[in-house]
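Student: Have a look at this one before I ask anything.
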Amino acid sequence: MGKTRDIKAQSVCFSGHRLIPKDKREKLKRELRAEIINAYSKGVRNFYCGMALGFDTLAATAALSLQCELPGMRIIAVVPFQGQSERWTENDRELYEDILANVDEAVVLSWDYYDGCLLRRNDYMLKRSGGVIAYFDGQPKGGTYYTCKKAKSYGLDVINLYDSV
């Protein structure tokens, strides 16, 4: 039990909305980088990313851009189902594949899509994390709401970057 707790204390996950206004993306990426560095300075070494469009891929690219500066940092992609990016645009698929090619570990939770698989992905990340770095607008709906609410019920820290951009 102690080892699991230690690993959780060294881990955070990302959760956020898919749609981020274009005029906020650069500032959000800067805020993400600062928060990743802050988490790292507190002993966090594992960063879980759910690989959805929007905030997840922005967080993954921010984390990947810091790996050379932060020794021992690990980025774990948690893919809810094989073929997650099949219906995305070519540019989005290329970004997705680039992220997967550069993370330290990729975990595929299901071969096929099923109702609820995106929430199961979020549960997987929460069970392994001591906190959440989020981009959450406060609306009581969707996967980010589910994840932030569940994280708080587990007593996890939720750092919400929504109002900082």
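Just remember, in the structure tokens the first chain shown is A, the second B, etc., residues are 1-based per chain, and ligands are 1-based in the order shown.
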With only C-alpha atoms as the counted atoms, please give the residues lying no more than 12 Å from Val107 of chain A, apart from itself and same-chain residues fewer than 4 positions off, as a list in words.

Tutor: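 In the requested form, the answer reads Tyr48, Cys49, Gly50, Met51, Ile75, Ile76, Ala77, Val78, Val79, Pro80, Phe81, Gln82, Leu100, Val103, Trp111, Arg121, Tyr124 and Met125 of chain A.
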
Student: Fewer than 5 positions away in the same chain doesn't count, so skip those; otherwise give me all residues within 12 Å of Ser164 of chain A, counting only C-alpha atoms, as an MDAnalysis selection string.

Tutor: chainID A and resid 24:25 27:32 34:35 134:137 159

Student: Which residue, A:Leu66, A:His17, A:Gln10, A:Gly131, has the smallest gap to Arg33 of chain A when you use only C-alpha atoms?

Tutor: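 Result for the nearest residue to Arg33 of chain A: A:Leu66.
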
Student: Among segment 74-156 of chain A, which residues does DSSP mark as helix (DSSP H, G or I) when it is run on the backbone? Keep the chain and numbering as in the structure and answer as JSON, numbers by chain.

Tutor: {"A": [90, 91, 92, 93, 94, 95, 96, 97, 98, 99, 100, 101, 102, 117, 118, 119, 120, 121, 122, 123, 124, 125, 126, 127, 142, 143, 144, 145, 146, 147, 148, 149, 150, 151, 152, 153]}

Student: In segment 33-142 of chain A, what's strand (DSSP E or B) per DSSP? Answer as a list in words?

Tutor: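 So the strand (DSSP E or B) residues in segment 33-142 of chain A would be Asn46, Phe47, Tyr48, Cys49, Arg74, Ile75, Ile76, Ala77, Val78, Val79, Glu105, Ala106, Val107, Val108, Gly131, Val132, Ile133, Ala134 and Tyr135 of chain A.
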
Student: Have a look at A:Ser85, A:Ser153, A:Ser129, A:Asn160 and name the one nearest to Val44 of chain A; count only C-alpha atoms.

Tutor: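 Ranked by minimum distance to Val44 of chain A, first place goes to A:Ser129.
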
Student: A:Gly138, A:Asp163, A:Phe47, A:Lys149: which is nearest Asp104 of chain A, counting only C-alpha atoms?

Tutor: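 Closest to Asp104 of chain A, using only C-alpha atoms: A:Phe47.
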